[in-house]
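Asker: Here it is, the structure in full.
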Amino acid sequence: MPREVDFRSDFRRFGFHYFAALVLILGIKYWYGRAGSEELEWILLPTARWVEVISGIPFEKAPQNGYVNHSLRFMIAPSCSGVRFMLVAFSVLAFPFIHRMRTAGKGWGWMVFAIPAAYLYTIVTNGLRIALAAYLPSLLEKSMEMPLLPGWLTQEKLHTLIGTAVYFASLLFLYRGTEMILRRLGLGDGAENGGGGAVRTDACFARVFLRYLPPAVCYFTAVLFIPLLRRIYRNDWAGFWDYAGLVTVVCLAVLFCFGLTGMLCKRAGAKRGLERI
């Protein structure tokens, strides 16, 4: 049976876990901001090899720069390494689920598991993003027989659109998949599985969207809220609102697709249940 959520008890038991996760994230982020391609070889190399496997695009190492494909003029640089996404993926695995481990020891075990899980998930997801970013612009040009969507959708905005859609959708998959696995293991949360104060996931889109609130909060904190604080400090707003608007629209579109899919699946399941009666 799913347990009822007791936030005070959970915080007393796992507060240090949350603090340690936050310190780890901030520490890696601080180090990443000063790291070059050689320091990031541990993630750049497997990402480049994974892109080669799924796309057939060969990459060679460019010392001090990353990995490059000269024919496509495409580079996997430190800024494309996926470290920021890895930190968000770790957040999605850690913060919403640590309290479900029930004991402090299991909570530490979950955090130890979440680190390599986020790393491997980042390589897979970032490889897909890079493959799409390398191929999709040229495919659009060929299929439309015209320059790449002249007007507001520039190369830079298309790159942002692809990255946002892939990253955000993959975080929703990660969160929902982890939630389902833990529920099967008897580690569900009372607030999500019915009972007092439960959030029912029926045909209402608002209720379906609430299911994905934790990964959405993690993602928007990393890609919009923290950059917003930095912009306020520097009083530099060039291009920020266009970027924020595009990211928000893409995320809402992804959420709509997930909500629609969830609603249709629920209705299909209910219909199959009626047919069995």
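Letters A, B, ... go to the chains of the structure tokens in the order shown; residues in each chain start at 1; ligands are counted from 1 in the same order.
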Produce a table with one row for each residue of segment 38-132 of chain A that has an atom at most 9 Å from any atom of segment 4-23 of chain A, each row naming the nearest atom pair and its distance in Å at one decimal; use only C-alpha atoms; arrange rows by chain and rising residue number; format as JSON lines.

Answerer:
{"residue": "A:Phe90", "atom": "CA", "partner": "A:Ala21", "partner_atom": "CA", "distance": 8.6}
{"residue": "A:Ser91", "atom": "CA", "partner": "A:Ala21", "partner_atom": "CA", "distance": 7.8}
{"residue": "A:Ala94", "atom": "CA", "partner": "A:Ala21", "partner_atom": "CA", "distance": 7.3}
{"residue": "A:Phe95", "atom": "CA", "partner": "A:Tyr18", "partner_atom": "CA", "distance": 6.6}
{"residue": "A:Ile98", "atom": "CA", "partner": "A:Phe14", "partner_atom": "CA", "distance": 7.3}
{"residue": "A:His99", "atom": "CA", "partner": "A:Asp10", "partner_atom": "CA", "distance": 5.9}
{"residue": "A:Arg100", "atom": "CA", "partner": "A:Asp10", "partner_atom": "CA", "distance": 8.8}
{"residue": "A:Arg102", "atom": "CA", "partner": "A:Asp10", "partner_atom": "CA", "distance": 8.4}
{"residue": "A:Thr103", "atom": "CA", "partner": "A:Arg13", "partner_atom": "CA", "distance": 7.6}
{"residue": "A:Ala104", "atom": "CA", "partner": "A:Phe14", "partner_atom": "CA", "distance": 6.4}
{"residue": "A:Gly107", "atom": "CA", "partner": "A:His17", "partner_atom": "CA", "distance": 7.2}
{"residue": "A:Trp108", "atom": "CA", "partner": "A:His17", "partner_atom": "CA", "distance": 7.0}
{"residue": "A:Met111", "atom": "CA", "partner": "A:Ala21", "partner_atom": "CA", "distance": 7.8}

Asker: When you look at segment 239-252 of chain A with a cut-off of 8 Å (counting only C-alpha atoms), what residues show up, excluding the ones that are within fewer than 2 positions of it in the same chain? I need them as a JSON list (two decimals) with N, CA and C atoms, in the first residue's frame.

Answerer:
[["chain", "number", "residue", "atom", "x", "y", "z"],
["A", 157, "LYS", "N", 17.70, 29.56, -33.44],
["A", 157, "LYS", "CA", 16.43, 29.26, -32.80],
["A", 157, "LYS", "C", 16.02, 27.81, -33.05],
["A", 160, "THR", "N", 17.89, 25.76, -30.62],
["A", 160, "THR", "CA", 17.27, 25.86, -29.31],
["A", 160, "THR", "C", 15.99, 25.04, -29.24],
["A", 161, "LEU", "N", 15.20, 25.09, -30.30],
["A", 161, "LEU", "CA", 13.94, 24.35, -30.35],
["A", 161, "LEU", "C", 14.19, 22.85, -30.24],
["A", 164, "THR", "N", 15.55, 21.97, -26.67],
["A", 164, "THR", "CA", 14.51, 22.06, -25.64],
["A", 164, "THR", "C", 13.53, 20.90, -25.74],
["A", 165, "ALA", "N", 13.08, 20.60, -26.95],
["A", 165, "ALA", "CA", 12.10, 19.52, -27.13],
["A", 165, "ALA", "C", 12.68, 18.18, -26.70],
["A", 168, "PHE", "N", 13.57, 18.29, -22.70],
["A", 168, "PHE", "CA", 12.40, 18.35, -21.82],
["A", 168, "PHE", "C", 11.58, 17.06, -21.91],
["A", 224, "LEU", "N", 15.94, 28.68, -17.14],
["A", 224, "LEU", "CA", 15.36, 30.03, -17.17],
["A", 224, "LEU", "C", 15.57, 30.79, -15.87],
["A", 237, "TRP", "N", 19.97, 42.00, -20.93],
["A", 237, "TRP", "CA", 18.74, 41.33, -21.36],
["A", 237, "TRP", "C", 18.73, 41.00, -22.85],
["A", 254, "VAL", "N", 5.28, 20.24, -25.60],
["A", 254, "VAL", "CA", 5.64, 18.89, -25.18],
["A", 254, "VAL", "C", 4.70, 18.40, -24.08],
["A", 255, "LEU", "N", 4.40, 19.27, -23.12],
["A", 255, "LEU", "CA", 3.46, 18.90, -22.06],
["A", 255, "LEU", "C", 2.08, 18.57, -22.63],
["A", 256, "PHE", "N", 1.67, 19.34, -23.63],
["A", 256, "PHE", "CA", 0.37, 19.07, -24.26],
["A", 256, "PHE", "C", 0.37, 17.69, -24.90]]

Asker: Just how far from atom CA of Arg129 of chain A is atom CA of Leu40 of chain A, in Å to one decimal?

Answerer: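 Atom CA of Arg129 of chain A lies at a distance of 18.2 Å from atom CA of Leu40 of chain A.
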
Asker: Based on the backbone DSSP call, show me all residues of segment 31-221 of chain A assigned helix (DSSP H, G or I), as a ChimeraX atom specification.

Answerer: /A:31-32,41-55,78-80,83-94,98-101,104-144,155-184,190-192,205-210,213-221

Asker: Restricted to C-alpha atoms, what would the selected residues look like written as a compact mmCIF listing (two decimals), in the first residue's frame?

Answerer:
# COMPACT_ATOMS: atom_id res chain seq x y z
CA TRP A 31 33.61 23.29 -11.98
CA TYR A 32 31.91 22.90 -15.37
CA GLU A 41 36.69 14.11 -22.11
CA TRP A 42 34.79 11.70 -19.83
CA ILE A 43 31.52 12.86 -21.37
CA LEU A 44 32.55 14.28 -24.76
CA LEU A 45 34.18 11.07 -25.99
CA PRO A 46 31.29 8.65 -25.26
CA THR A 47 28.82 11.21 -26.59
CA ALA A 48 30.73 11.54 -29.87
CA ARG A 49 30.97 7.76 -30.24
CA TRP A 50 27.26 7.34 -29.52
CA VAL A 51 26.39 9.96 -32.15
CA GLU A 52 28.52 8.02 -34.63
CA VAL A 53 26.59 4.83 -33.85
CA ILE A 54 23.09 6.28 -34.26
CA SER A 55 23.76 8.72 -37.10
CA PRO A 78 32.20 21.67 -24.12
CA SER A 79 29.04 23.77 -24.30
CA CYS A 80 27.34 20.81 -26.06
CA VAL A 83 26.72 18.42 -18.33
CA ARG A 84 23.95 20.88 -17.51
CA PHE A 85 21.35 18.36 -18.65
CA MET A 86 23.07 15.69 -16.55
CA LEU A 87 22.66 17.89 -13.47
CA VAL A 88 18.97 18.40 -14.25
CA ALA A 89 18.51 14.66 -14.83
CA PHE A 90 20.17 13.98 -11.47
CA SER A 91 17.82 16.52 -9.88
CA VAL A 92 14.81 14.76 -11.42
CA LEU A 93 16.01 11.43 -10.05
CA ALA A 94 17.03 12.76 -6.65
CA ILE A 98 14.75 10.31 -2.21
CA HIS A 99 11.98 10.43 0.38
CA ARG A 100 10.42 7.27 -1.07
CA MET A 101 13.41 5.21 0.02
CA ALA A 104 18.33 7.18 5.38
CA GLY A 105 20.63 4.37 4.23
CA LYS A 106 18.46 3.56 1.26
CA GLY A 107 18.30 7.28 0.51
CA TRP A 108 22.09 7.42 0.21
CA GLY A 109 21.98 4.31 -1.93
CA TRP A 110 19.47 5.96 -4.23
CA MET A 111 21.70 9.01 -4.61
CA VAL A 112 24.68 6.80 -5.46
CA PHE A 113 22.54 5.10 -8.10
CA ALA A 114 21.22 8.40 -9.47
CA ILE A 115 24.69 9.74 -10.36
CA PRO A 116 25.72 7.08 -12.95
CA ALA A 117 22.09 6.76 -14.10
CA ALA A 118 21.98 10.49 -14.92
CA TYR A 119 25.36 10.24 -16.65
CA LEU A 120 24.33 7.35 -18.92
CA TYR A 121 20.93 8.89 -19.61
CA THR A 122 22.65 12.14 -20.59
CA ILE A 123 24.91 10.43 -23.13
CA VAL A 124 21.94 8.69 -24.76
CA THR A 125 19.74 11.81 -24.79
CA ASN A 126 22.45 14.25 -25.81
CA GLY A 127 23.51 11.96 -28.64
CA LEU A 128 19.97 11.97 -30.01
CA ARG A 129 19.83 15.75 -29.72
CA ILE A 130 23.14 16.20 -31.53
CA ALA A 131 22.14 13.81 -34.33
CA LEU A 132 18.88 15.72 -34.86
CA ALA A 133 20.67 19.07 -34.73
CA ALA A 134 23.15 17.86 -37.36
CA TYR A 135 20.62 16.40 -39.79
CA LEU A 136 17.31 18.19 -39.32
CA PRO A 137 18.25 21.61 -40.79
CA SER A 138 19.51 20.09 -44.05
CA LEU A 139 16.49 17.76 -44.23
CA LEU A 140 14.15 20.73 -43.85
CA GLU A 141 15.96 22.61 -46.59
CA LYS A 142 15.75 19.65 -48.98
CA SER A 143 12.15 18.77 -48.24
CA MET A 144 10.97 22.36 -48.58
CA GLN A 155 19.51 28.37 -37.30
CA GLU A 156 20.12 29.39 -33.70
CA LYS A 157 16.43 29.26 -32.80
CA LEU A 158 16.01 25.89 -34.52
CA HIS A 159 18.94 24.58 -32.48
CA THR A 160 17.27 25.86 -29.31
CA LEU A 161 13.94 24.35 -30.35
CA ILE A 162 15.46 20.91 -30.98
CA GLY A 163 17.45 20.93 -27.76
CA THR A 164 14.51 22.06 -25.64
CA ALA A 165 12.10 19.52 -27.13
CA VAL A 166 14.51 16.59 -26.79
CA TYR A 167 15.78 17.48 -23.34
CA PHE A 168 12.40 18.35 -21.82
CA ALA A 169 10.61 15.32 -23.28
CA SER A 170 13.40 13.01 -22.10
CA LEU A 171 13.14 14.43 -18.57
CA LEU A 172 9.41 13.73 -18.53
CA PHE A 173 10.11 10.18 -19.70
CA LEU A 174 12.78 9.78 -17.04
CA TYR A 175 10.52 11.01 -14.27
CA ARG A 176 7.47 9.01 -15.32
CA GLY A 177 9.49 5.85 -15.94
CA THR A 178 11.20 6.09 -12.55
CA GLU A 179 7.87 6.73 -10.86
CA MET A 180 6.30 3.65 -12.46
CA ILE A 181 9.26 1.42 -11.56
CA LEU A 182 9.28 2.54 -7.93
CA ARG A 183 5.54 2.07 -7.71
CA ARG A 184 5.90 -1.51 -8.91
CA GLY A 190 0.51 8.31 -1.24
CA ALA A 191 -0.02 11.71 -2.83
CA GLU A 192 0.29 10.21 -6.28
CA PHE A 205 -5.37 18.04 -18.79
CA ALA A 206 -4.59 20.12 -15.69
CA ARG A 207 -4.42 16.98 -13.56
CA VAL A 208 -2.30 15.20 -16.14
CA PHE A 209 0.10 18.14 -16.25
CA LEU A 210 0.44 18.16 -12.46
CA LEU A 213 5.41 19.25 -12.22
CA PRO A 214 8.65 18.04 -10.54
CA PRO A 215 10.69 17.57 -13.76
CA ALA A 216 9.23 20.80 -15.16
CA VAL A 217 10.35 22.72 -12.07
CA CYS A 218 13.85 21.19 -12.28
CA TYR A 219 14.17 22.06 -15.96
CA PHE A 220 12.83 25.61 -15.78
CA THR A 221 15.00 26.35 -12.75

Asker: Assign secondary structure with DSSP using the backbone only, and return the residues of segment 13-208 of chain A in strand (DSSP E) as a PyMOL selection string.

Answerer: chain A and resi 60-62+66-69+74-76

Asker: Expressed in Å to a single decimal, how great is the separation between atom CA of Phe74 of chain A and atom CA of Leu228 of chain A?

Answerer: 28.9 Å
